[in-house]
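Peer 1: Contents are compact mmCIF, C-alpha atoms; file name final.txt:
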```
# COMPACT_ATOMS: atom_id res chain seq x y z
CA MET U 22 16.41 18.90 -3.92
CA LEU U 23 15.92 16.73 -0.84
CA PHE U 24 12.73 18.29 0.51
CA ASN U 25 10.74 19.08 -2.61
CA LEU U 26 6.92 18.97 -2.68
CA PRO U 27 6.65 15.29 -3.70
CA ASN U 28 9.00 14.23 -0.88
CA LEU U 29 7.13 16.38 1.63
CA LEU U 30 3.85 14.73 0.58
CA THR U 31 5.43 11.31 1.04
CA LEU U 32 6.75 12.28 4.48
CA SER U 33 3.30 13.62 5.40
CA ARG U 34 1.86 10.18 4.62
CA ILE U 35 4.26 8.64 7.13
CA ALA U 36 3.49 11.37 9.70
CA ALA U 37 -0.25 10.72 9.31
CA ILE U 38 0.03 7.10 10.48
CA PRO U 39 0.12 7.82 14.25
CA LEU U 40 -2.79 10.27 13.83
CA VAL U 41 -4.89 7.70 11.97
CA ILE U 42 -4.19 5.14 14.70
CA ALA U 43 -4.82 7.57 17.59
CA CYS U 44 -8.16 8.69 16.17
CA PHE U 45 -9.25 5.10 15.54
CA TRP U 46 -8.45 4.08 19.12
CA LEU U 47 -10.42 6.97 20.64
CA ASP U 48 -13.46 4.78 19.84
CA ARG U 49 -15.84 7.68 19.35
CA GLY U 50 -17.99 8.07 16.26
CA TRP U 51 -16.44 11.38 15.26
CA ALA U 52 -12.92 10.02 15.88
CA GLN U 53 -13.52 7.04 13.59
CA TRP U 54 -14.66 9.44 10.88
CA LEU U 55 -11.57 11.57 11.49
CA SER U 56 -9.37 8.47 11.30
CA MET U 57 -10.93 7.59 7.95
CA ILE U 58 -10.58 11.15 6.63
CA LEU U 59 -6.90 11.29 7.64
CA PHE U 60 -6.33 7.88 6.03
CA VAL U 61 -7.98 9.00 2.78
CA ILE U 62 -5.97 12.23 2.69
CA ALA U 63 -2.77 10.25 3.28
CA ALA U 64 -3.72 7.74 0.57
CA VAL U 65 -4.48 10.52 -1.92
CA THR U 66 -1.05 12.08 -1.33
CA ASP U 67 0.38 8.96 -2.98
CA TRP U 68 -1.16 10.00 -6.28
CA PHE U 69 -0.19 13.66 -5.86
CA ASP U 70 3.45 13.03 -4.94
CA GLY U 71 3.90 10.93 -8.07
CA TYR U 72 2.06 13.47 -10.23
CA PHE U 73 4.12 16.43 -8.98
CA ALA U 74 7.38 14.50 -9.19
CA ARG U 75 6.76 13.64 -12.86
CA ARG U 76 5.15 16.94 -13.83
CA TYR U 77 7.86 19.15 -12.33
CA HIS U 78 10.76 16.75 -12.87
CA GLN U 79 11.37 16.40 -9.14
CA ILE U 80 11.96 12.66 -9.05
CA SER U 81 14.61 12.00 -6.43
CA ARG U 82 16.38 9.04 -4.90
CA LEU U 83 14.80 9.86 -1.55
CA GLY U 84 11.35 9.88 -3.15
CA ARG U 85 11.91 6.58 -4.96
CA PHE U 86 13.05 5.10 -1.66
CA LEU U 87 10.38 6.56 0.65
CA ASP U 88 7.27 6.38 -1.55
CA PRO U 89 6.75 2.60 -1.51
CA ILE U 90 7.74 2.44 2.16
CA ALA U 91 5.19 5.11 3.08
CA ASP U 92 2.45 3.22 1.23
CA LYS U 93 3.29 -0.08 2.89
CA LEU U 94 3.55 1.47 6.36
CA LEU U 95 0.17 3.16 6.00
CA VAL U 96 -1.57 0.01 4.77
CA ALA U 97 0.17 -2.33 7.22
CA ALA U 98 -0.59 -0.09 10.22
CA ALA U 99 -4.25 0.17 9.24
CA LEU U 100 -4.65 -3.57 8.60
CA VAL U 101 -2.94 -4.57 11.86
CA MET U 102 -5.13 -2.08 13.72
CA LEU U 103 -8.30 -3.42 12.04
CA VAL U 104 -7.37 -6.99 12.95
CA ASP U 105 -6.48 -6.08 16.54
CA SER U 106 -9.75 -4.19 17.02
CA GLY U 107 -11.78 -7.13 15.71
CA THR U 108 -13.09 -5.21 12.71
CA LEU U 109 -11.34 -7.86 10.61
CA ARG U 110 -11.74 -11.18 12.37
CA GLY U 111 -12.15 -14.83 11.58
CA VAL U 112 -11.64 -15.71 7.95
CA ASN U 113 -11.40 -11.99 7.07
CA VAL U 114 -7.99 -11.87 8.77
CA LEU U 115 -6.80 -14.01 5.84
CA ALA U 116 -7.47 -11.12 3.43
CA ALA U 117 -5.24 -8.85 5.53
CA LEU U 118 -2.52 -11.52 5.66
CA ILE U 119 -2.63 -11.99 1.89
CA ILE U 120 -2.21 -8.25 1.35
CA LEU U 121 0.63 -7.95 3.87
CA ALA U 122 2.44 -11.03 2.52
CA ARG U 123 2.27 -9.71 -1.04
CA GLU U 124 3.69 -6.35 0.07
CA ILE U 125 6.66 -8.10 1.66
CA LEU U 126 7.14 -10.32 -1.41
CA VAL U 127 7.06 -7.41 -3.84
CA SER U 128 9.44 -5.37 -1.67
CA GLY U 129 11.91 -8.25 -1.65
CA LEU U 130 11.57 -8.74 -5.40
CA ARG U 131 12.11 -5.05 -6.08
CA GLU U 132 15.24 -5.08 -3.91
CA PHE U 133 16.59 -8.18 -5.65
CA LEU U 134 15.81 -6.89 -9.14
CA ALA U 135 17.30 -3.48 -8.32
CA GLU U 136 20.65 -5.20 -7.74
CA LEU U 137 20.32 -6.59 -11.28
CA ARG U 138 19.31 -3.15 -12.54
CA VAL U 139 15.90 -4.49 -13.59
CA GLY U 140 12.80 -2.41 -12.97
CA LEU U 141 9.51 -3.89 -11.81
CA PRO U 142 6.92 -1.44 -13.12
CA VAL U 143 3.54 -1.12 -11.44
CA SER U 144 0.84 -2.77 -13.53
CA GLN U 145 -2.60 -1.30 -14.16
CA LEU U 146 -4.13 -4.20 -12.23
CA ALA U 147 -1.89 -3.37 -9.25
CA LYS U 148 -3.26 0.18 -9.35
CA TRP U 149 -6.80 -1.22 -9.22
CA LYS U 150 -5.73 -3.41 -6.30
CA THR U 151 -4.41 -0.39 -4.46
CA GLY U 152 -7.62 1.54 -5.13
CA ALA U 153 -9.83 -1.29 -3.84
CA GLN U 154 -7.57 -1.75 -0.84
CA MET U 155 -7.61 1.93 0.11
CA VAL U 156 -11.40 2.26 -0.23
CA ALA U 157 -11.86 -0.97 1.76
CA ILE U 158 -9.62 0.23 4.58
CA ALA U 159 -11.34 3.64 4.65
CA ALA U 160 -14.76 1.96 4.93
CA LEU U 161 -13.53 -0.37 7.67
CA LEU U 162 -11.98 2.51 9.64
CA VAL U 163 -15.38 4.19 9.91
CA GLY U 164 -16.77 0.91 11.21
CA ASP U 165 -19.83 1.16 13.40
CA ALA U 166 -19.79 4.97 13.28
CA ALA U 167 -21.55 4.58 9.91
CA SER U 168 -24.19 2.22 8.61
CA PRO U 169 -23.42 -1.50 9.04
CA TYR U 170 -23.54 -1.67 5.25
CA VAL U 171 -20.36 0.42 5.08
CA THR U 172 -18.48 -2.26 7.02
CA GLN U 173 -19.92 -4.96 4.76
CA ILE U 174 -18.82 -3.01 1.69
CA GLY U 175 -15.36 -2.72 3.27
CA ILE U 176 -15.23 -6.50 3.84
CA VAL U 177 -16.22 -7.22 0.23
CA LEU U 178 -13.67 -4.73 -1.08
CA ILE U 179 -10.88 -6.10 1.13
CA TRP U 180 -11.51 -9.53 -0.40
CA ILE U 181 -11.51 -8.05 -3.91
CA ALA U 182 -8.21 -6.36 -3.04
CA ALA U 183 -6.88 -9.68 -1.67
CA ALA U 184 -7.85 -11.48 -4.89
CA LEU U 185 -6.16 -8.80 -7.01
CA THR U 186 -3.21 -9.02 -4.64
CA LEU U 187 -2.79 -12.71 -5.41
CA ILE U 188 -2.97 -12.10 -9.15
CA THR U 189 -0.54 -9.17 -9.19
CA GLY U 190 1.76 -10.86 -6.68
CA TYR U 191 1.95 -13.90 -8.95
CA ASP U 192 2.68 -11.68 -11.96
CA TYR U 193 5.50 -9.91 -10.11
CA LEU U 194 6.88 -13.21 -8.79
CA ARG U 195 6.84 -14.72 -12.29
CA THR U 196 8.80 -11.71 -13.59
CA GLY U 197 11.30 -12.02 -10.74
CA LEU U 198 11.73 -15.76 -11.25
CA LYS U 199 12.64 -15.21 -14.91
CA HIS U 200 15.57 -13.06 -13.81
CA MET U 201 16.53 -15.52 -11.08
CA ALA U 202 16.58 -18.36 -13.61
CA GLU U 203 19.04 -16.46 -15.80
CA ASP U 204 21.70 -16.85 -13.12
CA ALA U 205 20.90 -20.48 -12.36
CA PRO U 206 24.06 -22.60 -12.28
CA PRO U 207 24.33 -25.56 -14.64
CA SER U 208 23.00 -28.84 -13.24
CA GLY U 209 25.42 -30.32 -10.75
CA GLY U 210 26.94 -26.88 -10.11
CA GLN U 211 27.11 -24.90 -6.92
CA LYS U 212 24.33 -22.78 -5.57
```
Could you take the file, read its structure, and then write that structure out as structure tokens?

Peer 2:
Amino acid sequence: MLFNLPNLLTLSRIAAIPLVIACFWLDRGWAQWLSMILFVIAAVTDWFDGYFARRYHQISRLGRFLDPIADKLLVAAALVMLVDSGTLRGVNVLAALIILAREILVSGLREFLAELRVGLPVSQLAKWKTGAQMVAIAALLVGDAASPYVTQIGIVLIWIAAALTLITGYDYLRTGLKHMAEDAPPSGGQK
């Protein structure tokens, strides 16, 4: 079924992105809180869509395609918005760039490995990275509408997420390179 509950939850995550951005840009205390709440609800749907898809055997091609895209769009939109607003500035922009670069790398690896019919399962450490990343972004979205300590916690967590991003990105890259090496031509051969 094309529009089962897991797929609808994934689509709702994509639909939430403009709302998260609009609330953040209203630049009112209540709107920043609403932006954070919408972001958290959207992030939580990632867990629920996977749970319902497995539990009720509703895994679909559309869901396998849209789920990682929805996650990356939500995170990328929030990070770009946080950088543009100055919430993430200076050296902290590097954390956002690390996270975005890893997302692009892993997407490319998954696409390449899919052609070889090789799966790239999500590691437990990658799940921790996602958790730290989502909590960090939620804290940063609230920004100055909450205690300054909330922003500082968000900054620390975004760096923890960036560090985990480097580790998991390296693990995924190492796995991908093993499969790339299998097709390497003999020395002196063509590319």

Peer 1: Please provide as number ranges by chain all residues within 12 Å of U:Val156, with the sequence filter that same-chain residues fewer than 6 positions apart are discarded (counting all atoms listed in the file).

Peer 2: U: 57-58, 60-62, 64-65, 96, 149-150, 162-163, 171-172, 174-182

Peer 1: Using only the atoms of stretch 90-95 of chain U listed in the file, plus 8 Å on each side, state the axis-aligned box centre and edge lengths in Å rounded to one decimal, as lines of an AutoDock Vina configuration file.

Peer 2:
```
center_x = 4.0
center_y = 2.5
center_z = 3.8
size_x = 23.6
size_y = 21.2
size_z = 21.1
```

Peer 1: Given the choices U:Gln79, U:Asp88, U:Gly197, U:Leu100, which gets closest to U:Glu132 if the distance is worked out from only C-alpha atoms?

Peer 2: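 For U:Glu132, the nearest of the candidates is U:Gly197.
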
Peer 1: Which one of U:Gly107, U:Gly190, U:Pro142, U:Pro39 sits closest to U:Leu126 if you count all atoms listed in the file?

Peer 2: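 Ranked by minimum distance to U:Leu126, first place goes to U:Gly190.
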
Peer 1: Neighbours of stretch 66-74 of chain U within 8 Å (all atoms listed in the file; same-chain residues fewer than 2 positions away dropped), as a PyMOL selection string?

Peer 2: chain U and resi 26-28+30-31+34+62-64+76-80+88+92
